[in-house]
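Here is entry_5.txt, consisting of compact mmCIF, C-alpha atoms and all ligand atoms:
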```
# COMPACT_ATOMS: atom_id res chain seq x y z
CA MET A 732 98.59 102.21 114.24
CA LYS A 733 95.34 101.33 115.81
CA THR A 734 93.75 98.23 114.35
CA PHE A 735 90.37 98.71 112.79
CA HIS A 736 88.06 95.92 111.84
CA ALA A 737 85.58 95.94 109.03
CA LYS A 738 83.22 93.51 107.48
CA ALA A 739 84.03 91.87 104.20
CA GLN A 740 82.02 93.64 101.57
CA SER A 741 80.47 91.85 98.70
CA ARG A 742 82.04 92.67 95.39
CA LYS A 743 78.81 94.31 94.36
CA ASP A 744 79.70 97.14 96.70
CA ASN A 745 82.82 98.02 94.76
CA ARG A 746 82.82 100.87 92.33
CA GLN A 747 80.07 98.98 90.69
CA GLU A 748 77.27 100.61 92.62
CA THR A 749 73.85 99.21 93.16
CA SER A 750 70.55 100.93 92.74
CA THR A 751 69.79 101.35 96.42
CA TYR A 752 69.37 104.98 97.34
CA ILE A 753 72.59 105.15 99.31
CA SER A 754 74.21 101.81 99.99
CA PRO A 755 74.55 100.75 103.61
CA LEU A 756 77.65 102.05 105.29
CA ARG A 757 79.45 99.07 106.68
CA PHE A 758 82.13 100.94 108.51
CA SER A 759 82.08 102.57 111.86
CA LEU A 760 82.22 106.33 112.03
CA ARG A 761 85.56 106.16 113.78
CA LEU A 762 86.96 104.61 110.61
CA CYS A 763 85.60 107.48 108.56
CA VAL A 764 87.34 109.99 110.83
CA PHE A 765 90.54 107.99 110.52
CA ALA A 766 90.16 107.81 106.78
CA ARG A 767 89.42 111.48 106.40
CA ASN A 768 92.57 112.53 108.23
CA PHE A 769 94.73 110.44 105.97
CA PHE A 770 92.85 111.34 102.85
CA PHE A 771 94.36 114.80 102.53
CA VAL A 772 97.86 113.46 103.08
CA LEU A 773 97.57 110.75 100.48
CA LEU A 774 95.92 112.64 97.64
CA PHE A 775 98.13 113.26 94.69
CA ILE A 776 98.26 112.45 91.02
CA ARG A 777 98.76 108.91 89.92
CA VAL A 778 101.75 109.23 87.66
CA VAL A 779 101.35 107.47 84.37
CA ALA A 780 104.54 105.80 83.23
CA VAL A 781 105.05 106.68 79.60
CA HIS A 782 107.20 104.11 77.91
CA ALA A 783 109.95 105.35 75.68
CA SER A 784 109.47 102.69 73.05
CA THR A 785 107.36 103.21 69.96
CA PRO A 786 103.73 102.62 70.87
CA ALA A 787 101.94 99.63 69.47
CA ARG A 788 99.30 100.26 66.87
CA VAL A 789 95.84 98.78 67.32
CA VAL A 790 92.80 98.70 65.05
CA ILE A 791 89.50 97.64 66.62
CA SER A 792 86.73 96.80 64.15
CA ILE A 793 83.27 96.58 65.68
CA ASP A 794 80.36 94.89 63.98
CA ALA A 795 76.71 95.48 64.77
CA ALA A 796 76.37 91.93 66.10
CA GLY A 797 78.70 92.74 69.00
CA GLN A 798 82.03 91.31 67.91
CA ALA A 799 85.27 93.26 68.11
CA LYS A 800 88.06 92.22 65.78
CA VAL A 801 91.40 93.41 67.12
CA GLU A 802 94.48 93.72 64.92
CA ALA A 803 97.64 94.84 66.69
CA GLU A 804 101.12 95.69 65.60
CA LEU A 805 103.38 95.37 68.63
CA ALA A 806 106.17 97.72 69.60
CA SER A 807 108.52 94.76 70.07
CA PRO A 808 108.33 91.03 69.22
CA SER A 809 106.55 88.76 71.67
CA ARG A 810 105.68 85.06 72.01
CA SER A 811 103.37 85.30 75.00
CA TRP A 812 100.03 87.10 75.41
CA SER A 813 97.88 87.19 78.50
CA PHE A 814 94.36 88.61 78.93
CA LEU A 815 92.70 89.80 82.11
CA ASN A 816 90.34 87.05 83.29
CA ALA A 817 88.98 88.26 86.64
CA TYR A 818 87.89 91.63 87.92
CA ALA A 819 85.61 92.68 90.77
CA GLY A 820 83.42 89.58 90.85
CA ALA A 821 83.49 88.96 87.12
CA LEU A 822 85.36 85.78 86.25
CA GLY A 823 86.33 83.89 83.12
CA PHE A 824 85.64 86.63 80.58
CA ALA A 825 88.93 85.96 78.75
CA GLU A 826 87.02 83.05 77.21
CA ARG A 827 85.35 85.65 75.00
CA VAL A 828 88.63 85.89 73.04
CA LYS A 829 88.41 83.76 69.89
CA ASP A 830 90.53 82.92 66.88
CA PHE A 831 93.81 84.29 68.25
CA ARG A 832 96.50 84.33 65.57
CA ALA A 833 99.98 85.62 65.06
CA MET A 834 100.43 87.01 61.56
CA ASN A 835 102.43 85.01 59.02
CA GLY A 836 100.42 81.94 59.89
CA ALA A 837 102.35 81.06 63.03
CA ASP A 838 100.90 78.45 65.32
CA VAL A 839 99.67 79.98 68.57
CA LYS A 840 98.60 77.70 71.40
CA LYS A 841 96.00 78.53 74.00
CA ILE A 842 97.52 77.09 77.18
CA ALA A 843 94.85 78.35 79.59
CA SER A 844 91.93 80.74 79.70
CA GLY A 845 93.24 83.99 78.19
CA GLU A 846 96.82 82.67 77.89
CA TYR A 847 98.39 82.33 74.44
CA ARG A 848 101.92 81.20 73.50
CA SER A 849 103.81 80.74 70.24
CA GLU A 850 107.12 79.08 69.40
CA GLY A 851 108.60 82.15 67.74
CA ASP A 852 108.51 85.92 68.28
CA PHE A 853 105.93 87.98 66.43
CA THR A 854 105.04 91.63 66.06
CA ARG A 855 101.53 91.27 64.63
CA ILE A 856 98.56 89.52 66.17
CA SER A 857 94.81 89.40 65.59
CA TYR A 858 91.83 87.98 67.43
CA THR A 859 88.11 88.48 67.94
CA VAL A 860 86.34 89.26 71.21
CA VAL A 861 82.68 88.31 71.50
CA LEU A 862 81.06 91.18 73.41
CA SER A 863 77.39 90.54 72.72
CA GLN A 864 76.46 88.44 75.75
CA PRO A 865 77.76 89.98 78.97
CA THR A 866 76.56 88.28 82.15
CA PRO A 867 74.98 90.20 85.05
CA ALA A 868 78.18 89.65 87.10
CA GLU A 869 80.35 91.09 84.35
CA VAL A 870 78.44 94.31 83.77
CA PRO A 871 79.58 97.05 84.27
CA HIS A 872 83.14 95.75 84.80
CA VAL A 873 83.94 94.46 81.32
CA SER A 874 83.53 95.48 77.68
CA TRP A 875 80.17 94.80 76.05
CA ILE A 876 78.18 95.64 72.93
CA VAL A 877 74.43 95.07 72.91
CA ALA A 878 71.62 96.57 70.80
CA GLY A 879 73.57 99.20 68.93
CA ARG A 880 75.70 100.49 71.78
CA GLY A 881 78.49 99.43 74.03
CA VAL A 882 81.31 100.20 76.41
CA LEU A 883 84.88 99.20 75.55
CA MET A 884 87.44 98.77 78.32
CA PHE A 885 90.99 98.26 77.17
CA ALA A 886 91.78 96.37 80.39
CA ASP A 887 89.95 93.30 79.05
CA LEU A 888 90.06 93.99 75.33
CA LEU A 889 93.83 93.89 74.88
CA PRO A 890 96.64 91.71 76.24
CA ARG A 891 97.90 92.93 79.57
CA ASP A 892 101.40 93.75 78.35
CA PHE A 893 100.04 96.48 76.07
CA LYS A 894 101.12 99.55 78.02
CA THR A 895 100.90 102.36 75.49
CA PHE A 896 99.46 102.30 72.00
CA SER A 897 97.64 104.22 69.32
CA VAL A 898 94.14 102.93 68.60
CA GLU A 899 91.78 103.42 65.69
CA PHE A 900 88.14 102.29 65.61
CA LYS A 901 86.22 100.97 62.64
CA LEU A 902 82.52 101.13 63.44
CA PRO A 903 79.24 100.17 61.78
CA PRO A 904 77.60 102.95 59.71
CA GLY A 905 76.12 105.69 61.90
CA TRP A 906 78.07 104.72 65.02
CA THR A 907 80.37 107.13 66.83
CA VAL A 908 82.96 106.78 69.58
CA GLU A 909 83.21 108.98 72.68
CA SER A 910 86.03 109.07 75.20
CA SER A 911 87.75 111.30 77.72
CA LEU A 912 90.80 110.96 75.45
CA PRO A 913 91.23 113.43 72.59
CA SER A 914 91.61 111.99 69.11
CA ASP A 915 93.84 113.33 66.37
CA LYS A 916 92.55 114.60 63.04
CA ILE A 917 92.28 111.13 61.55
CA GLY A 918 90.52 109.59 64.54
CA HIS A 919 93.43 107.93 66.33
CA TYR A 920 93.59 107.89 70.12
CA GLU A 921 96.83 107.69 72.09
CA VAL A 922 96.25 105.39 75.07
CA LEU A 923 98.82 105.77 77.87
CA ASP A 924 97.05 103.88 80.64
CA PRO A 925 94.90 101.12 79.13
CA GLU A 926 93.78 99.70 82.46
CA LYS A 927 92.03 103.00 83.19
CA THR A 928 90.77 103.85 79.73
CA VAL A 929 87.15 103.43 78.67
CA VAL A 930 85.37 104.41 75.46
CA VAL A 931 81.69 104.42 74.62
CA VAL A 932 80.42 103.46 71.17
CA GLY A 933 76.97 103.48 69.64
CA ASN A 934 74.55 104.79 67.07
CA THR A 935 72.72 107.34 69.23
CA LEU A 936 75.40 109.08 71.29
CA HIS A 937 75.02 112.75 72.13
CA ARG A 938 77.56 114.84 74.00
CA GLU A 939 76.93 117.78 76.32
CA THR A 940 79.98 119.63 77.52
CA ASN A 941 81.22 122.52 79.64
CA THR A 942 84.67 123.58 80.83
CA LYS A 943 84.70 121.07 83.73
CA LEU A 944 83.02 117.95 82.45
CA ASP A 945 81.78 116.00 79.45
CA LEU A 946 78.50 114.10 79.48
CA VAL A 947 77.75 111.47 76.86
CA VAL A 948 74.21 110.14 76.73
CA SER A 949 73.15 107.13 74.69
CA GLY A 950 69.55 107.12 73.51
CA ALA A 951 66.55 109.12 74.70
CA TRP A 952 65.71 109.67 78.38
CA PRO A 953 63.11 111.59 80.42
CA PHE A 954 65.76 114.12 81.56
CA LYS A 955 67.47 116.92 79.67
CA ASP A 956 71.17 116.42 78.99
CA ASP A 957 72.12 119.94 80.07
CA LYS A 958 70.32 119.54 83.42
CA ALA A 959 72.16 116.26 84.08
CA LEU A 960 75.46 117.92 83.19
CA ASP A 961 74.68 120.84 85.52
CA ALA A 962 73.92 118.43 88.37
CA ALA A 963 77.15 116.50 87.87
CA THR A 964 79.16 119.71 87.56
CA GLN A 965 77.80 121.03 90.84
CA VAL A 966 78.93 117.81 92.56
CA LEU A 967 82.32 117.94 90.82
CA LYS A 968 82.92 121.53 91.97
CA HIS A 969 81.92 120.57 95.50
CA TYR A 970 84.55 117.82 95.63
CA ALA A 971 87.25 119.98 94.04
CA ALA A 972 86.66 122.51 96.84
CA LEU A 973 86.40 119.84 99.56
CA THR A 974 89.66 118.15 98.59
CA ALA A 975 91.47 121.33 97.48
CA PHE A 976 92.63 119.23 94.55
CA THR A 977 91.66 119.89 90.97
CA LEU A 978 91.60 116.82 88.75
CA PRO A 979 94.36 117.07 86.12
CA TYR A 980 91.95 115.99 83.38
CA LYS A 981 88.38 116.59 82.23
CA PRO A 982 86.24 113.65 83.34
CA LEU A 983 83.54 112.07 81.22
CA ILE A 984 80.23 110.68 82.45
CA ALA A 985 78.43 108.25 80.15
CA ILE A 986 74.76 107.39 80.71
CA VAL A 987 73.87 104.27 78.76
CA PRO A 988 70.68 102.18 78.76
CA PHE A 989 71.13 98.57 79.79
CA ALA A 990 68.50 96.06 80.89
CA LEU A 991 69.73 95.06 84.35
CA ALA A 992 68.48 92.05 86.23
CA GLY A 993 67.43 93.09 89.73
CA SER A 994 68.89 96.61 89.67
CA LYS A 995 67.68 99.97 88.45
CA TRP A 996 71.19 101.10 87.73
CA LYS A 997 74.85 100.15 88.08
CA ALA A 998 77.93 102.28 87.74
CA GLU A 999 81.67 101.91 87.38
CA THR A 1000 84.18 104.72 87.75
CA ARG A 1001 87.44 103.86 86.03
CA GLY A 1002 90.21 106.36 85.43
CA ALA A 1003 88.58 109.56 84.18
CA THR A 1004 85.33 107.90 83.10
CA ILE A 1005 82.10 107.21 84.97
CA VAL A 1006 79.89 104.70 83.19
CA LEU A 1007 76.33 104.75 84.49
CA LEU A 1008 74.09 101.98 83.18
CA ILE A 1009 70.39 102.56 83.80
CA ASP A 1010 67.56 100.16 83.07
CA PRO A 1011 65.60 101.97 80.34
CA THR A 1012 62.28 100.76 81.77
CA VAL A 1013 62.87 102.20 85.23
CA HIS A 1014 60.78 105.00 86.70
CA PHE A 1015 62.23 107.72 88.92
CA ASP A 1016 59.98 110.46 90.32
CA THR A 1017 62.76 113.00 89.97
CA TRP A 1018 65.35 112.00 87.43
CA ILE A 1019 67.79 114.81 88.06
CA GLY A 1020 67.49 114.29 91.82
CA GLN A 1021 68.21 110.58 91.45
CA LEU A 1022 71.12 111.23 89.10
CA LYS A 1023 72.52 113.72 91.57
CA VAL A 1024 72.44 111.14 94.36
CA ILE A 1025 74.37 108.76 92.11
CA PHE A 1026 76.81 111.51 91.18
CA THR A 1027 77.58 112.35 94.83
CA HIS A 1028 79.04 108.86 95.08
CA GLU A 1029 80.51 108.13 91.67
CA VAL A 1030 82.10 111.53 91.11
CA LEU A 1031 83.95 111.21 94.43
CA HIS A 1032 85.54 108.00 93.09
CA LEU A 1033 87.44 110.19 90.61
CA TRP A 1034 89.35 111.32 93.69
CA VAL A 1035 88.96 108.26 95.92
CA PRO A 1036 90.54 105.96 94.95
CA ASN A 1037 91.30 106.97 91.35
CA SER A 1038 93.58 109.90 92.25
CA LEU A 1039 95.15 108.22 95.26
CA HIS A 1040 98.50 106.55 95.05
CA LEU A 1041 97.51 103.43 96.96
CA GLU A 1042 99.15 100.08 96.38
CA GLY A 1043 97.25 96.93 97.22
CA ASP A 1044 93.66 96.14 98.08
CA TYR A 1045 92.23 99.21 99.77
CA ASP A 1046 88.61 98.62 98.92
CA TRP A 1047 87.76 98.61 102.63
CA PHE A 1048 89.14 102.13 102.81
CA PHE A 1049 87.77 103.90 99.81
CA GLU A 1050 84.29 102.42 99.58
CA GLY A 1051 83.24 103.13 103.14
CA PHE A 1052 84.83 106.54 103.00
CA THR A 1053 83.07 107.34 99.74
CA LEU A 1054 79.69 106.21 101.06
CA TYR A 1055 80.00 108.47 104.07
CA VAL A 1056 81.28 111.57 102.26
CA ALA A 1057 78.68 111.11 99.50
CA LEU A 1058 75.92 111.03 102.11
CA ARG A 1059 77.19 114.23 103.74
CA THR A 1060 77.50 115.84 100.32
CA ALA A 1061 73.94 114.88 99.39
CA LEU A 1062 72.83 116.68 102.55
CA GLU A 1063 74.98 119.77 101.96
CA LEU A 1064 73.77 120.09 98.37
CA LYS A 1065 70.16 119.67 99.62
CA VAL A 1066 69.59 116.53 97.55
CA ILE A 1067 68.35 114.91 100.77
CA ASN A 1068 67.06 116.45 103.99
CA PHE A 1069 68.49 116.01 107.46
CA ARG A 1070 65.95 113.38 108.41
CA GLY A 1071 66.92 111.34 105.34
CA PHE A 1072 70.56 111.76 106.26
CA LEU A 1073 69.99 110.44 109.80
CA GLU A 1074 67.81 107.56 108.64
CA THR A 1075 70.39 106.43 106.10
CA LEU A 1076 73.15 106.70 108.66
CA ALA A 1077 71.13 104.76 111.25
CA GLY A 1078 70.23 102.06 108.76
CA ALA A 1079 73.88 101.73 107.78
CA TYR A 1080 75.01 101.48 111.37
CA ASP A 1081 72.40 98.81 112.11
CA ALA A 1082 73.62 96.87 109.07
CA TYR A 1083 77.15 97.19 110.41
CA LEU A 1084 76.17 95.87 113.84
CA SER A 1085 74.24 92.98 112.39
CA HIS A 1086 77.40 91.40 110.97
CA PRO A 1087 80.03 89.58 113.03
CA ASP A 1088 83.08 91.77 113.57
CA ASP A 1089 85.77 89.13 113.20
CA VAL A 1090 87.73 89.98 110.05
CA SER A 1091 90.72 92.31 109.88
CA LEU A 1092 90.66 95.06 107.28
CA ILE A 1093 93.42 93.42 105.27
CA ASP A 1094 91.60 90.09 105.27
CA ALA A 1095 88.39 91.87 104.39
CA SER A 1096 90.04 93.55 101.42
CA GLU A 1097 91.57 90.33 100.16
CA ALA A 1098 88.33 88.41 100.62
CA ARG A 1099 86.20 90.83 98.65
ZN ZN B 1 81.55 103.20 95.31
```

I'd like the structure from this file rewritten - as C-alpha cells, please.
Amino acid sequence: MKTFHAKAQSRKDNRQETSTYISPLRFSLRLCVFARNFFFVLLFIRVVAVHASTPARVVISIDAAGQAKVEAELASPSRSWSFLNAYAGALGFAERVKDFRAMNGADVKKIASGEYRSEGDFTRISYTVVLSQPTPAEVPHVSWIVAGRGVLMFADLLPRDFKTFSVEFKLPPGWTVESSLPSDKIGHYEVLDPEKTVVVVGNTLHRETNTKLDLVVSGAWPFKDDKALDAATQVLKHYAALTAFTLPYKPLIAIVPFALAGSKWKAETRGATIVLLIDPTVHFDTWIGQLKVIFTHEVLHLWVPNSLHLEGDYDWFFEGFTLYVALRTALELKVINFRGFLETLAGAYDAYLSHPDDVSLIDASEAR
C-alpha cells in the first residue's frame, strides 16, 4: 500500500467540532480519493455484542445542583471497578467520582484516579459523580449538568466493565430525559453499548420527530424546531443515498445551550446521537443555514466512523474524509456556492502546506 503522510491534528479537530465555518482540511486530495475508494468496502454495521448474562441494574438520581448519584446492582460479583479517565483531549475526569462504596459497608480503596478495589466480591455499589463544573477541554466529550440541563454519557458515568444494563433515571421535578433508546412503560432503558450511548436531561426539552430522525431542543432559540429537523433530514437522506447504506437505527440530534469559551458551537457525534452545544449568546445571520453546515459534517459521522468496523486509531482517516465530503455536500445542497467551496478548499490546502510533512499517518493518529 502506498504510504500517505498527514499532519497530526489537534484533538479539537476530532468529532468535537469547532465553530469555524468548515474546518481546514489538513489532508491532501489524493488521500480523500484513497479514502473514498475504501469507504464503500469498509462500511457495514458495527455489531453490538449482547452478553448472555443478566444485565446489571442501574439507578441514576440527578439533583438540580448537578450531582448524579449512581446505584448499581451488578450482574456478577466484582472487586475491581475502573472509570474512563481520558478521552479526546479531556483528562482526569474520573476525579469527579466521589464517595464510592460497596454495599454492606465493605471497605473500598481508591488506588488511582478512577480505580477502585475491595478485598471481597460485591454485587452492589454506589457513588456520586459531580457533573456541575465541566472544563472547556472536557465539553462536549464528557457528562455534564449545568443550569437545569445536561448531557449524560455512560462511557464516563459508569465503570468500564458495565457492558449491558437496564437504567432508570430519577430527575428533579419538571425534568425529562431524551435518548435515541426507547424506554419501557415504566421508564427503564436497556443499554447494550454504553460507550456509544448518550442521553439528554433537562427542564425545557422539546422533541420534534419524523420517520428518519429525532430532534431534541433544549430551551428557546431563534429558529423553528421543524425547520431544523427538515434541514438535518435533508442531509441525512443525502448521505443515505451517497453511501447506499441506511442506518439501522433512528438517530437523534440534540441542540443544547452551553456558554463556550472561544467557540460559537461544539459538537460530538457518538453512536446514534449528535450533541450540538451552541453558545446561547451567539448571533448567526441565517440560523438554519448555519445549522445545515454543521449537519453536513456531524451527520456524516453517523456513517464515518460510527458505522465503520475500524479497529485502532483512524482519526486521520475519518476526520479528513468527513471534512471533504461535508464540503462537497454543502455545495450540492446549495448551502454554499461554488466560490465558497473553492475558497474553503484553497484555504485548507494552504493550511496543509504550511505544516511540516514529517509524520506518518499511524504516528499522527497516535499523537492526536
Ligand atoms: Zn468531525

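Compared by their closest atoms to Val801 (chain A), and using all atoms listed in the file, the residues A:Tyr818, A:Phe1048, A:Phe824, A:Phe831 rank with A:Phe831 nearest.
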
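In this comparison, which uses all atoms listed in the file, the residue of A:Pro1036, A:Gly881, A:Gly1071, A:Pro890 approaching ligand ZN 1 (chain B) most closely is A:Pro1036.
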
Query raised in the report: Smallest atom-to-atom distance to ligand ZN 1 (chain B): which of A:Val922, A:Ala998, A:Leu1076, A:Val1066, using all atoms listed in the file?
Result: A:Ala998

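In this structure, CA of Trp875 (chain A) sits 9.9 Å away from CA of Val932 (chain A).
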
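Distances here use only C-alpha atoms and all ligand atoms; by that measure, the residue among A:Leu1084, A:Leu1073, A:Leu1033, A:Ala959 closest to ligand ZN 1 (chain B) is A:Leu1033.
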
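Excluding Thr859 (chain A) and any residue on its chain fewer than 4 positions from it, the residues at most 12 Å away by only C-alpha atoms are A:Val790, A:Ile791, A:Ser792, A:Ile793, A:Asp794, A:Gly797, A:Gln798, A:Ala799, A:Lys800, A:Val801, A:Glu802, A:Ala803, A:Ala825, A:Glu826, A:Arg827, A:Val828, A:Lys829, A:Asp830, A:Phe831, A:Arg832, A:Ser863, A:Leu888, A:Leu889.
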
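Closest approach to ligand ZN 1 (chain B) among A:Leu1092, A:Ile986, A:Leu1041, A:Ile1005 is made by A:Ile1005 (distances from all atoms listed in the file).
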
Query raised in the report: What would the list of residues within 9 Å of (103.6, 97.6, 67.7) (file frame) look like as an NGL selection string, if all atoms listed in the file are what count?
Result: :A and (785-789 or 803-808 or 854-855 or 896)

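Between ligand ZN 1 (chain B) and the candidates A:Ala1082, A:Leu1058, A:Ala1077, A:Val931, the tightest atom-to-atom separation, counting all atoms listed in the file, involves A:Leu1058.
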
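If you count all atoms listed in the file and ignore residues fewer than 6 places along the chain from Gly950 (chain A), what sits within 9 Å of it is Asn934, Thr935, Leu936, His937, Ile986, Val987 and Pro988 of chain A.
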
Take the residues from that selection and put them in a file with C-alpha atoms, as an mmCIF file, in the frame of the given file.
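And here is the file that came out, result02.cif:
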```cif
data_model
loop_
_atom_site.group_PDB
_atom_site.id
_atom_site.type_symbol
_atom_site.label_atom_id
_atom_site.label_comp_id
_atom_site.auth_asym_id
_atom_site.auth_seq_id
_atom_site.Cartn_x
_atom_site.Cartn_y
_atom_site.Cartn_z
ATOM 1 C CA ASN A 934 74.550 104.790 67.070
ATOM 2 C CA THR A 935 72.720 107.340 69.230
ATOM 3 C CA LEU A 936 75.400 109.080 71.290
ATOM 4 C CA HIS A 937 75.020 112.750 72.130
ATOM 5 C CA ILE A 986 74.760 107.390 80.710
ATOM 6 C CA VAL A 987 73.870 104.270 78.760
ATOM 7 C CA PRO A 988 70.680 102.180 78.760
#
```

Requested in this report: Would you list the residues near (76.7, 92.6, 73.9) (no more than 12 Å away, in the coordinates of the file, using all atoms listed in the file) as number ranges by chain?
Outcome: A: 793-799, 827, 860-867, 869-871, 873-883, 932-933, 989-990
